[in-house]
file protein08.cif (mmCIF, C-alpha atoms)
data_my_file
loop_
_atom_site.label_atom_id
_atom_site.label_comp_id
_atom_site.auth_asym_id
_atom_site.auth_seq_id
_atom_site.Cartn_x
_atom_site.Cartn_y
_atom_site.Cartn_z
CA MET A 1 -21.91 -51.65 -6.28
CA ILE A 2 -20.11 -51.39 -9.59
CA PHE A 3 -19.24 -47.73 -9.90
CA GLN A 4 -19.34 -46.21 -13.38
CA CYS A 5 -18.31 -42.78 -14.70
CA SER A 6 -21.99 -41.84 -15.01
CA ASP A 7 -22.37 -42.29 -11.21
CA LEU A 8 -19.83 -39.56 -10.45
CA GLU A 9 -22.32 -36.67 -10.33
CA ARG A 10 -24.49 -38.60 -7.86
CA ALA A 11 -21.40 -39.36 -5.78
CA LEU A 12 -20.54 -35.68 -5.58
CA GLN A 13 -23.90 -35.08 -3.89
CA SER A 14 -23.75 -38.04 -1.57
CA GLU A 15 -21.08 -38.69 1.03
CA GLU A 16 -22.06 -42.38 1.08
CA LEU A 17 -21.05 -42.91 -2.56
CA MET A 18 -17.78 -41.01 -2.26
CA PRO A 19 -15.59 -44.00 -1.17
CA ASP A 20 -16.76 -45.89 -4.28
CA ALA A 21 -16.03 -42.85 -6.46
CA ILE A 22 -12.51 -42.53 -5.02
CA ALA A 23 -11.85 -46.23 -5.58
CA HIS A 24 -13.10 -45.90 -9.18
CA ALA A 25 -10.95 -42.79 -9.78
CA GLU A 26 -7.79 -44.78 -9.07
CA THR A 27 -8.23 -46.48 -12.43
CA CYS A 28 -10.15 -43.74 -14.32
CA THR A 29 -8.17 -40.62 -15.30
CA ALA A 30 -11.23 -38.56 -16.32
CA CYS A 31 -13.04 -39.14 -13.04
CA ARG A 32 -9.87 -38.53 -11.03
CA LYS A 33 -9.48 -35.15 -12.76
CA GLN A 34 -13.11 -34.29 -11.91
CA LEU A 35 -12.66 -35.32 -8.28
CA ASP A 36 -9.40 -33.37 -7.98
CA GLU A 37 -11.04 -30.21 -9.33
CA TRP A 38 -13.93 -30.68 -6.92
CA SER A 39 -11.55 -31.12 -4.02
CA ASP A 40 -9.38 -28.13 -5.11
CA ILE A 41 -12.42 -25.87 -4.74
CA SER A 42 -12.93 -27.05 -1.14
CA VAL A 43 -9.25 -26.59 -0.30
CA ALA A 44 -9.13 -23.08 -1.79
CA ALA A 45 -12.43 -22.19 -0.10
CA ARG A 46 -10.94 -22.80 3.33
CA GLU A 47 -8.39 -20.09 2.58
CA LEU A 48 -11.23 -17.61 2.20
CA HIS A 49 -11.91 -17.70 5.94
CA GLU A 50 -11.04 -14.24 7.25
CA GLU A 51 -9.22 -14.07 10.56
CA TRP A 52 -8.09 -10.91 12.29
CA GLU A 53 -7.53 -9.62 15.81
CA SER A 54 -10.30 -7.42 17.25
CA PRO A 55 -9.17 -6.49 20.76
CA SER A 56 -11.87 -3.83 21.15
CA LEU A 57 -14.79 -5.90 19.89
CA TRP A 58 -15.64 -7.92 23.01
CA PRO A 59 -15.35 -4.86 25.32
CA ARG A 60 -17.84 -3.06 23.01
CA ILE A 61 -20.24 -6.00 23.09
CA GLN A 62 -19.80 -6.40 26.86
CA SER A 63 -20.64 -2.75 27.39
CA ASP A 64 -23.83 -3.11 25.30
CA LEU A 65 -24.89 -6.27 27.15
CA SER A 66 -24.17 -4.73 30.56
CA GLU A 67 -26.38 -1.79 29.67
CA LEU A 68 -29.18 -4.20 28.84
CA ALA A 69 -28.83 -6.16 32.09
CA PRO A 70 -29.91 -3.29 34.43
CA GLU A 71 -33.12 -2.97 32.39
CA ARG A 72 -34.11 -6.35 33.74
CA ARG A 73 -33.33 -5.16 37.27
CA SER A 74 -35.49 -2.06 36.90
CA PHE A 75 -38.24 -4.27 35.50
CA ARG A 76 -38.09 -6.30 38.71
CA TRP A 77 -38.44 -3.09 40.73
CA TRP A 78 -41.47 -2.23 38.66
CA GLN A 79 -42.92 -5.70 39.19
CA TRP A 80 -42.29 -5.34 42.86
CA GLY A 81 -44.22 -2.04 42.93
CA VAL A 82 -47.19 -3.65 41.21
CA ALA A 83 -47.07 -6.59 43.64
CA LEU A 84 -47.04 -4.19 46.60
CA ALA A 85 -49.96 -2.25 45.19
CA ALA A 86 -51.87 -5.51 44.75
CA VAL A 87 -51.15 -6.53 48.36
CA LEU A 88 -52.32 -3.15 49.64
CA LEU A 89 -55.50 -3.27 47.58
CA LEU A 90 -56.22 -6.76 48.86
CA ALA A 91 -55.51 -5.66 52.42
CA ALA A 92 -57.81 -2.67 52.06
CA ALA A 93 -60.54 -4.88 50.63
CA LEU A 94 -60.16 -7.35 53.50
CA THR A 95 -60.44 -4.62 56.13
CA GLN A 96 -63.76 -3.66 54.56
CA VAL A 97 -65.02 -7.24 54.74
CA TRP A 98 -63.81 -8.33 58.17
CA PRO A 99 -65.53 -5.76 60.42
CA GLY A 100 -68.87 -7.03 59.09
CA ARG A 101 -67.98 -10.53 60.15
CA LYS A 102 -67.42 -9.44 63.74
CA THR A 103 -71.15 -9.11 64.32
CA GLN A 104 -71.83 -12.61 63.05
CA PRO A 105 -71.79 -15.56 65.43
CA ALA A 106 -68.31 -16.94 65.80
CA THR A 107 -67.55 -20.20 64.05
CA ASP A 108 -64.65 -22.59 64.44
CA GLN A 109 -63.12 -21.25 61.22
CA ALA A 110 -63.42 -17.65 62.41
CA SER A 111 -61.77 -18.43 65.72
CA GLU A 112 -58.85 -19.88 63.81
CA ASP A 113 -58.51 -16.75 61.69
CA PHE A 114 -58.47 -14.31 64.61
CA LEU A 115 -55.88 -14.29 67.32
CA THR A 116 -56.63 -14.58 70.99
CA ARG A 117 -55.65 -11.63 73.21
CA GLU A 118 -52.75 -13.55 74.74
CA ALA A 119 -51.38 -14.70 71.39
CA LEU A 120 -51.70 -11.18 70.08
CA ARG A 121 -49.49 -9.85 72.88
CA ASP A 122 -46.81 -12.40 71.95
CA VAL A 123 -47.03 -11.53 68.26
CA GLU A 124 -46.84 -7.80 68.94
CA LYS A 125 -43.83 -8.29 71.18
CA SER A 126 -42.01 -10.33 68.51
CA GLU A 127 -42.96 -7.83 65.82
CA LEU A 128 -41.57 -4.99 67.89
CA GLU A 129 -38.27 -6.84 68.40
CA TYR A 130 -38.10 -7.69 64.72
CA GLU A 131 -38.89 -4.09 63.75
CA LYS A 132 -36.15 -2.80 66.07
CA SER A 133 -33.55 -5.16 64.64
CA ILE A 134 -34.45 -4.11 61.09
CA GLU A 135 -34.22 -0.46 62.08
CA ARG A 136 -30.72 -1.11 63.41
CA LEU A 137 -29.81 -2.72 60.09
CA SER A 138 -31.41 0.22 58.31
CA THR A 139 -29.20 2.67 60.21
CA VAL A 140 -26.07 0.75 59.18
CA ALA A 141 -27.09 0.43 55.53
CA GLY A 142 -28.73 3.85 55.31
CA ALA A 143 -25.49 5.79 55.70
CA SER A 144 -23.76 4.18 52.71
CA LEU A 145 -26.99 4.15 50.71
CA GLU A 146 -27.48 7.90 51.13
CA LYS A 147 -23.87 8.61 50.26
CA SER A 148 -23.90 6.66 46.99
CA SER A 149 -25.09 8.44 43.86
CA THR A 150 -25.11 5.37 41.59
CA PRO A 151 -28.32 4.33 39.74
CA LEU A 152 -28.25 1.07 41.73
CA ALA A 153 -28.31 2.98 45.03
CA ALA A 154 -31.17 5.10 43.71
CA ALA A 155 -33.09 1.93 42.86
CA TYR A 156 -32.51 0.53 46.36
CA ARG A 157 -33.61 3.81 47.97
CA GLU A 158 -36.74 3.79 45.80
CA LYS A 159 -37.55 0.23 46.84
CA LEU A 160 -37.04 1.00 50.54
CA VAL A 161 -39.31 4.04 50.30
CA LEU A 162 -41.95 1.84 48.68
CA LEU A 163 -41.58 -0.77 51.41
CA ASP A 164 -41.76 1.80 54.23
CA SER A 165 -44.86 3.32 52.71
CA ALA A 166 -46.46 -0.13 52.33
CA ILE A 167 -45.58 -0.98 55.95
CA ALA A 168 -47.10 2.30 57.17
CA ASP A 169 -50.28 1.68 55.14
CA LEU A 170 -50.67 -1.86 56.46
CA LYS A 171 -50.13 -0.67 60.03
CA SER A 172 -52.85 1.94 59.64
CA HIS A 173 -55.24 -0.76 58.36
CA MET A 174 -54.31 -2.96 61.32
CA ASP A 175 -55.31 -0.32 63.87
CA GLY A 176 -58.90 -1.48 63.73
CA ASN A 177 -58.03 -5.11 62.91
CA ALA A 178 -55.44 -6.12 65.47
CA TYR A 179 -56.49 -9.77 65.35
CA ASN A 180 -56.35 -10.10 61.59
CA VAL A 181 -53.88 -12.91 60.85
CA TYR A 182 -53.73 -12.15 57.15
CA LEU A 183 -52.67 -8.51 57.64
CA ARG A 184 -50.08 -9.52 60.23
CA THR A 185 -48.63 -12.11 57.83
CA GLN A 186 -48.42 -9.48 55.10
CA LEU A 187 -46.68 -7.10 57.49
CA ALA A 188 -44.16 -9.78 58.42
CA SER A 189 -43.40 -10.49 54.76
CA LEU A 190 -42.89 -6.76 54.09
CA TYR A 191 -40.44 -6.58 56.99
CA GLN A 192 -38.68 -9.66 55.66
CA GLU A 193 -38.40 -8.01 52.23
CA LYS A 194 -37.01 -4.85 53.81
CA GLN A 195 -34.46 -6.90 55.75
CA SER A 196 -33.28 -8.80 52.65
CA THR A 197 -33.13 -5.56 50.61
CA LEU A 198 -30.92 -3.91 53.23
CA LYS A 199 -28.70 -7.00 53.44
CA GLU A 200 -28.44 -7.14 49.63
CA TRP A 201 -27.36 -3.50 49.52
CA LEU A 202 -24.76 -4.02 52.25
CA GLU A 203 -23.31 -7.02 50.39
CA ASN A 204 -23.25 -4.98 47.17
CA ALA A 205 -21.52 -2.08 48.90
CA LYS A 206 -18.98 -4.48 50.43
CA SER A 207 -18.12 -6.15 47.10
CA ASN A 208 -17.67 -2.77 45.37
CA MET B 1 2.11 -16.73 23.53
CA GLU B 2 0.75 -16.57 19.97
CA ALA B 3 -2.66 -15.06 19.33
CA GLY B 4 -4.08 -18.41 18.15
CA SER B 5 -2.99 -20.39 21.21
CA LEU B 6 -4.09 -17.54 23.49
CA ALA B 7 -7.56 -17.66 21.94
CA LEU B 8 -7.63 -21.45 22.33
CA THR B 9 -6.68 -21.15 26.01
CA GLN B 10 -9.43 -18.58 26.52
CA VAL B 11 -11.99 -20.89 24.88
CA LYS B 12 -10.85 -23.80 27.08
CA ASP B 13 -11.05 -21.64 30.22
CA ALA B 14 -14.47 -20.42 29.21
CA THR B 15 -15.68 -23.95 28.51
CA LEU B 16 -14.47 -25.08 31.93
CA GLN B 17 -16.71 -22.48 33.52
CA HIS B 18 -19.73 -23.98 31.71
CA ASP B 19 -18.99 -27.69 31.58
CA SER B 20 -21.55 -28.47 28.89
CA GLU B 21 -23.38 -26.65 26.13
CA ALA B 22 -26.60 -27.13 28.13
CA ALA B 23 -25.07 -25.39 31.17
CA LEU B 24 -23.78 -22.62 28.94
CA LEU B 25 -27.20 -22.22 27.37
CA ASP B 26 -28.85 -22.07 30.81
CA ALA B 27 -26.45 -19.33 31.85
CA CYS B 28 -27.13 -17.45 28.60
CA ARG B 29 -30.87 -17.73 29.23
CA ARG B 30 -30.29 -16.06 32.61
CA GLN B 31 -28.60 -13.31 30.56
CA ASP B 32 -25.29 -13.89 32.27
CA VAL B 33 -22.84 -11.65 30.38
CA GLY B 34 -19.96 -14.03 31.24
CA ALA B 35 -21.76 -16.85 29.42
CA PHE B 36 -22.07 -14.63 26.36
CA GLU B 37 -18.33 -14.02 26.56
CA THR B 38 -17.88 -17.80 26.33
CA LEU B 39 -20.07 -17.81 23.22
CA TYR B 40 -17.97 -14.99 21.78
CA ARG B 41 -14.73 -16.89 22.41
CA GLN B 42 -16.19 -20.01 20.81
CA HIS B 43 -18.00 -18.52 17.82
CA GLY B 44 -16.84 -14.91 17.44
CA SER B 45 -14.09 -15.64 14.91
CA LYS B 46 -16.44 -17.58 12.63
CA MET B 47 -19.13 -14.93 13.01
CA LYS B 48 -16.69 -12.18 12.02
CA SER B 49 -15.69 -14.10 8.88
CA VAL B 50 -19.31 -14.80 7.93
CA ALA B 51 -20.13 -11.11 8.40
CA TYR B 52 -17.06 -10.11 6.40
CA HIS B 53 -18.22 -12.17 3.42
CA VAL B 54 -21.56 -10.35 3.46
CA VAL B 55 -20.50 -6.76 4.15
CA GLY B 56 -17.05 -6.83 2.52
CA ASN B 57 -14.94 -5.04 5.14
CA ARG B 58 -13.71 -5.69 8.66
CA GLN B 59 -15.11 -2.61 10.38
CA ASP B 60 -18.67 -3.30 9.22
CA ALA B 61 -18.19 -7.00 9.95
CA GLU B 62 -17.33 -6.16 13.57
CA ASP B 63 -20.35 -3.86 13.80
CA ALA B 64 -22.53 -6.71 12.53
CA VAL B 65 -21.11 -9.12 15.13
CA GLN B 66 -21.72 -6.54 17.86
CA ASP B 67 -25.34 -6.10 16.73
CA ALA B 68 -25.72 -9.87 16.48
CA PHE B 69 -24.66 -10.36 20.12
CA VAL B 70 -27.09 -7.69 21.32
CA LYS B 71 -29.88 -9.40 19.36
CA ALA B 72 -28.84 -12.81 20.70
CA PHE B 73 -28.82 -11.46 24.27
CA LYS B 74 -32.32 -10.08 23.85
CA SER B 75 -33.77 -13.12 22.13
CA ILE B 76 -31.97 -16.01 23.84
CA GLY B 77 -35.21 -16.84 25.67
CA GLY B 78 -36.76 -17.77 22.33
CA PHE B 79 -33.95 -20.17 21.38
CA ARG B 80 -35.29 -23.65 22.08
CA GLY B 81 -32.01 -25.47 21.54
CA ASP B 82 -33.36 -27.66 18.70
CA SER B 83 -30.33 -26.72 16.59
CA SER B 84 -26.77 -25.95 17.65
CA ILE B 85 -26.16 -22.55 19.17
CA GLY B 86 -23.43 -21.98 16.54
CA GLY B 87 -25.96 -22.30 13.73
CA TRP B 88 -28.37 -20.01 15.56
CA LEU B 89 -25.66 -17.36 16.04
CA CYS B 90 -24.69 -17.61 12.36
CA ARG B 91 -28.29 -16.98 11.40
CA ILE B 92 -28.38 -13.87 13.59
CA VAL B 93 -25.07 -12.55 12.28
CA ILE B 94 -26.13 -13.08 8.65
CA ASN B 95 -29.28 -11.01 9.28
CA ALA B 96 -27.30 -8.40 11.21
CA SER B 97 -24.78 -8.22 8.34
CA TYR B 98 -27.51 -7.59 5.78
CA ASP B 99 -28.89 -4.85 8.07
CA VAL B 100 -25.45 -3.23 8.26
CA LEU B 101 -25.05 -3.57 4.50
CA ARG B 102 -28.44 -1.92 3.86
CA LYS B 103 -27.57 0.87 6.28
CA ARG B 104 -24.21 1.52 4.62
CA GLN B 105 -25.77 1.45 1.16
CA ARG B 106 -28.32 4.05 2.27
CA GLU B 107 -25.54 6.17 3.78
CA THR B 108 -23.19 6.08 0.80
CA ALA B 109 -25.51 5.03 -2.04
CA LEU B 110 -22.55 2.93 -3.14
CA ILE B 111 -21.60 -0.67 -2.69
CA ALA B 112 -18.21 -0.67 -1.06
CA GLU B 113 -15.47 -2.66 -2.70
CA PRO B 114 -14.41 -5.49 -0.42
CA GLU B 115 -11.11 -5.01 1.36
CA ARG B 116 -8.23 -7.15 0.26
CA SER B 117 -6.39 -8.81 3.06
CA GLY B 118 -3.00 -10.43 2.76
CA PRO B 119 -1.49 -12.25 -0.20
CA CYS B 120 -3.93 -14.25 -2.34
CA SER B 121 -3.30 -17.49 -4.15
CA SER B 122 -4.50 -17.41 -7.75
CA MET B 123 -7.06 -20.14 -7.02
CA ARG B 124 -8.32 -18.25 -3.99
CA MET B 125 -8.66 -15.04 -6.00
CA ALA B 126 -10.42 -16.87 -8.80
CA ILE B 127 -12.90 -18.50 -6.41
CA ASN B 128 -13.46 -15.20 -4.62
CA GLN B 129 -14.35 -13.54 -7.93
CA ALA B 130 -16.46 -16.46 -9.13
CA MET B 131 -18.38 -16.59 -5.83
CA LYS B 132 -19.72 -13.10 -6.48
CA ARG B 133 -21.49 -14.42 -9.57
CA LEU B 134 -23.21 -17.29 -7.75
CA ASN B 135 -26.86 -17.36 -6.81
CA PRO B 136 -26.83 -15.58 -3.39
CA LYS B 137 -28.41 -18.52 -1.56
CA HIS B 138 -26.00 -21.01 -3.11
CA ARG B 139 -23.12 -18.68 -2.29
CA MET B 140 -24.21 -18.47 1.35
CA VAL B 141 -24.40 -22.28 1.70
CA PHE B 142 -20.96 -22.61 0.05
CA MET B 143 -19.51 -19.97 2.33
CA LEU B 144 -20.93 -21.47 5.54
CA TYR B 145 -20.05 -25.07 4.66
CA GLU B 146 -16.79 -24.85 2.74
CA VAL B 147 -15.29 -21.60 4.01
CA GLU B 148 -16.46 -21.62 7.63
CA GLY B 149 -16.67 -25.39 8.11
CA LEU B 150 -20.25 -25.56 9.41
CA LYS B 151 -22.06 -28.91 9.19
CA HIS B 152 -25.11 -29.23 6.96
CA THR B 153 -27.35 -29.32 10.07
CA GLU B 154 -25.85 -25.98 11.18
CA VAL B 155 -26.12 -24.47 7.70
CA ALA B 156 -29.75 -25.59 7.61
CA ALA B 157 -30.39 -23.94 11.00
CA ALA B 158 -28.55 -20.77 10.01
CA MET B 159 -30.49 -20.38 6.77
CA ASP B 160 -33.79 -21.87 7.92
CA ILE B 161 -33.78 -24.47 5.15
CA PRO B 162 -34.00 -28.29 5.21
CA GLU B 163 -30.70 -30.16 5.43
CA GLY B 164 -31.31 -31.75 2.02
CA THR B 165 -31.66 -28.30 0.47
CA SER B 166 -28.34 -27.30 2.02
CA LYS B 167 -26.68 -30.31 0.38
CA ALA B 168 -28.34 -29.63 -2.98
CA TRP B 169 -27.42 -25.93 -2.99
CA LEU B 170 -23.83 -26.74 -2.04
CA PHE B 171 -23.62 -29.11 -5.01
CA GLU B 172 -25.08 -26.45 -7.31
CA ALA B 173 -22.64 -23.85 -6.00
CA LYS B 174 -19.61 -26.09 -6.52
CA ARG B 175 -20.74 -27.21 -9.95
CA GLU B 176 -21.23 -23.58 -10.99
CA LEU B 177 -17.86 -22.54 -9.52
CA LYS B 178 -16.15 -25.42 -11.33
CA ARG B 179 -17.75 -24.34 -14.60
CA MET B 180 -16.73 -20.69 -14.09
CA LEU B 181 -13.17 -21.63 -13.11
CA SER B 182 -12.73 -23.86 -16.15
CA GLU B 183 -13.94 -20.95 -18.34
CA VAL B 184 -11.30 -18.69 -16.78
CA GLN B 185 -8.60 -21.28 -17.43
CA LYS B 186 -9.51 -21.59 -21.16
#

call {"tool": "encode", "arguments": {"input": "protein08.cif", "output": "structure tokens"}}
result
Amino acid sequence: MIFQCSDLERALQSEELMPDAIAHAETCTACRKQLDEWSDISVAARELHEEWESPSLWPRIQSDLSELAPERRSFRWWQWGVALAAVLLLAAALTQVWPGRKTQPATDQASEDFLTREALRDVEKSELEYEKSIERLSTVAGASLEKSSTPLAAAYREKLVLLDSAIADLKSHMDGNAYNVYLRTQLASLYQEKQSTLKEWLENAKSN
Amino acid sequence: MEAGSLALTQVKDATLQHDSEAALLDACRRQDVGAFETLYRQHGSKMKSVAYHVVGNRQDAEDAVQDAFVKAFKSIGGFRGDSSIGGWLCRIVINASYDVLRKRQRETALIAEPERSGPCSSMRMAINQAMKRLNPKHRMVFMLYEVEGLKHTEVAAAMDIPEGTSKAWLFEAKRELKRMLSEVQK
């Protein structure tokens, strides 16, 4: 391309044309002056960047962000409560449906859903052992949990109360439905949740 | 150790913890406060300067950056990563700065005179004065590109404009500044 003075304005808007403009400016005083003025503005502009130390700024931001983070945790507690309520409602609904099925002739599917007497004894024995081990864990964690007055401890206590109440409810539903596999599975998952909650609290207490 | 090299070391340390921008972004999306500290180390200085050029003083600029980080923390889930995170943060801090400016104007019913910081070269002072007379959008593009060193893609993301518009407005801003500066010199 043969660069002419009239191309300079276009070159100032296009990085691609700039090498040609610079080459042309080596022999053209007027264009060199224009390019120098253009470049002087960029150089002076960089001096306008403001830089100063703000030692307290990040701690302020960090404090704001940390306050926001527990909101998510409490939201999870809330979600957990709703999930528990849903499980209990479902369990209650199932206990209404299943007794009616007892009078119907047994099918292969039904025999798979209900436990045999022997299997039930095994399950109850395991459940009892599991329950005892969680109670032992609960005794260990309970002492430090009761002592702590932090909002986190309060949240853990609230969750454990919810879990205990859900476990008690499920057990009362199971009184007339000892062979109900679904209710037993739900009970096991509630115990599992209680176990992991207690463990989580103990780990938290240890790290603090 | 000088403040500049200390800051650089902190940025390097922070980057090591999140070995790519994608990993950093993932951690931010999980609302990991440490990941936001990395963002602060990487972009905080630029954000403070951008805010300063909108609000005109350091205290309000810091308030705007603080607000911007809270907003970024809350809305990081909506950031798709189409543009650079630096451009996205600039956009948030510009909006936060205008919010702070509006709040201050309501409080004092006066537009505060910008602080003067350090010795000024005559060219710098002249450009600073001339910038105030620019079209606000052109001024913002000039400030982000020439003063803060953002790329046109980042300016475009920060101002929600096409990249071509960023280039055109930058040209208009510089042409206008050049005209105003030559008038001053006459």

call {"tool": "closest_atom_pairs", "arguments": {"input": "protein08.cif", "of": "chain A", "to": "chain B", "cutoff": "8 Å", "atoms": "all atoms listed in the file", "output": "CSV"}}
result
residue,atom,partner,partner_atom,distance
A:Leu12,CA,B:Phe171,CA,7.3
A:Gln13,CA,B:Phe171,CA,6.1
A:Glu37,CA,B:Lys178,CA,7.3
A:Trp38,CA,B:Lys178,CA,7.2
A:Ile41,CA,B:Lys174,CA,7.4
A:Ser42,CA,B:Glu146,CA,5.9
A:Ala44,CA,B:Arg124,CA,5.4
A:Ala45,CA,B:Val147,CA,5.0
A:Arg46,CA,B:Val147,CA,4.6
A:Glu47,CA,B:Arg124,CA,6.8
A:Leu48,CA,B:Val147,CA,6.0
A:His49,CA,B:Val147,CA,5.5
A:Glu50,CA,B:Ser49,CA,4.9
A:Glu51,CA,B:Ser49,CA,6.7
A:Leu57,CA,B:Glu62,CA,6.8
A:Trp58,CA,B:Tyr40,CA,7.5
A:Arg60,CA,B:Gln66,CA,7.3
A:Ile61,CA,B:Gln66,CA,5.5
A:Gln62,CA,B:Val33,CA,7.0
A:Asp64,CA,B:Val70,CA,6.9
A:Leu65,CA,B:Val70,CA,6.4
A:Ser66,CA,B:Val33,CA,7.0
A:Ala69,CA,B:Gln31,CA,7.3

call {"tool": "atom_distance", "arguments": {"input": "protein08.cif", "atom1": "CA of His152 in chain B", "atom2": "CA of Trp88 in chain B"}}
result
13.0 Å

call {"tool": "atom_distance", "arguments": {"input": "protein08.cif", "atom1": "CA of Ala27 in chain B", "atom2": "CA of Ile85 in chain B"}}
result
13.1 Å

call {"tool": "resolve_selection", "arguments": {"input": "protein08.cif", "expression": "the PyMOL selection byres ((chain B and resi 79) around 12)", "output": "PyMOL selection string"}}
result
chain B and resi 25-26+28-29+71-78+80-89+91-92+157

call {"tool": "atom_distance", "arguments": {"input": "protein08.cif", "atom1": "CA of Leu183 in chain A", "atom2": "CA of Leu170 in chain A"}}
result
7.0 Å

call {"tool": "residues_around", "arguments": {"input": "protein08.cif", "residues": "range 164-166 of chain A", "least_positions_apart": "2", "cutoff": "8 Å", "atoms": "all atoms listed in the file", "output": "ChimeraX atom specification"}}
result
/A:84,88,160-162,168-170,190

call {"tool": "residues_around", "arguments": {"input": "protein08.cif", "residues": "Glu146 in chain A", "least_positions_apart": "5", "cutoff": "12 Å", "atoms": "all atoms listed in the file", "output": "PyMOL selection string"}}
result
chain A and resi 138-141+151-158+160+201+205

call {"tool": "closest_residue", "arguments": {"input": "protein08.cif", "among": "B:Ala61, B:Glu176, B:Gln42, B:Ala23", "to": "Lys132 in chain B", "atoms": "all atoms listed in the file"}}
result
B:Glu176

call {"tool": "axis_aligned_box", "arguments": {"input": "protein08.cif", "around": "range 145-152 of chain B", "padding_each_side": "6 Å", "output": "JSON"}}
result
{"center_x": -20.2, "center_y": -25.4, "center_z": 6.1, "size_x": 21.8, "size_y": 19.6, "size_z": 18.7}

call {"tool": "resolve_selection", "arguments": {"input": "protein08.cif", "expression": "the PyMOL selection byres ((chain A and resi 22) around 12)", "output": "ChimeraX atom specification"}}
result
/A:3-5,7-8,11-12,15-21,23-29,31-36,39

call {"tool": "decode", "arguments": {"input": "protein08.cif", "residues": "range 23-28 of chain B", "atoms": "all heavy atoms", "output": "PDB file, in the first residue's frame"}}
result
ATOM      1  N   ALA B  23     -10.138 -22.537  36.906  1.00  0.00           N
ATOM      2  CA  ALA B  23     -10.180 -23.088  38.271  1.00  0.00           C
ATOM      3  C   ALA B  23     -10.569 -21.998  39.268  1.00  0.00           C
ATOM      4  O   ALA B  23     -11.343 -22.246  40.199  1.00  0.00           O
ATOM      5  CB  ALA B  23      -8.823 -23.668  38.635  1.00  0.00           C
ATOM      6  N   LEU B  24     -10.037 -20.798  39.018  1.00  0.00           N
ATOM      7  CA  LEU B  24     -10.359 -19.673  39.898  1.00  0.00           C
ATOM      8  C   LEU B  24     -11.854 -19.356  39.819  1.00  0.00           C
ATOM      9  O   LEU B  24     -12.530 -19.144  40.831  1.00  0.00           O
ATOM     10  CB  LEU B  24      -9.530 -18.454  39.488  1.00  0.00           C
ATOM     11  CG  LEU B  24      -9.810 -17.140  40.215  1.00  0.00           C
ATOM     12  CD1 LEU B  24      -9.550 -17.273  41.701  1.00  0.00           C
ATOM     13  CD2 LEU B  24      -8.950 -16.019  39.650  1.00  0.00           C
ATOM     14  N   LEU B  25     -12.354 -19.375  38.591  1.00  0.00           N
ATOM     15  CA  LEU B  25     -13.772 -19.074  38.375  1.00  0.00           C
ATOM     16  C   LEU B  25     -14.667 -20.121  39.039  1.00  0.00           C
ATOM     17  O   LEU B  25     -15.686 -19.789  39.656  1.00  0.00           O
ATOM     18  CB  LEU B  25     -14.036 -19.029  36.862  1.00  0.00           C
ATOM     19  CG  LEU B  25     -15.283 -18.310  36.400  1.00  0.00           C
ATOM     20  CD1 LEU B  25     -15.355 -16.910  36.968  1.00  0.00           C
ATOM     21  CD2 LEU B  25     -15.316 -18.262  34.882  1.00  0.00           C
ATOM     22  N   ASP B  26     -14.247 -21.387  38.946  1.00  0.00           N
ATOM     23  CA  ASP B  26     -15.012 -22.471  39.601  1.00  0.00           C
ATOM     24  C   ASP B  26     -15.078 -22.232  41.110  1.00  0.00           C
ATOM     25  O   ASP B  26     -16.128 -22.382  41.725  1.00  0.00           O
ATOM     26  CB  ASP B  26     -14.347 -23.839  39.345  1.00  0.00           C
ATOM     27  CG  ASP B  26     -14.742 -24.388  37.987  1.00  0.00           C
ATOM     28  OD1 ASP B  26     -15.688 -23.835  37.389  1.00  0.00           O
ATOM     29  OD2 ASP B  26     -14.099 -25.352  37.536  1.00  0.00           O
ATOM     30  N   ALA B  27     -13.907 -21.872  41.669  1.00  0.00           N
ATOM     31  CA  ALA B  27     -13.862 -21.630  43.114  1.00  0.00           C
ATOM     32  C   ALA B  27     -14.726 -20.426  43.484  1.00  0.00           C
ATOM     33  O   ALA B  27     -15.407 -20.435  44.511  1.00  0.00           O
ATOM     34  CB  ALA B  27     -12.422 -21.404  43.557  1.00  0.00           C
ATOM     35  N   CYS B  28     -14.718 -19.402  42.632  1.00  0.00           N
ATOM     36  CA  CYS B  28     -15.556 -18.218  42.889  1.00  0.00           C
ATOM     37  C   CYS B  28     -17.039 -18.604  42.838  1.00  0.00           C
ATOM     38  O   CYS B  28     -17.838 -18.134  43.638  1.00  0.00           O
ATOM     39  CB  CYS B  28     -15.279 -17.119  41.862  1.00  0.00           C
ATOM     40  SG  CYS B  28     -13.694 -16.326  42.080  1.00  0.00           S
TER      41      CYS B  28
END
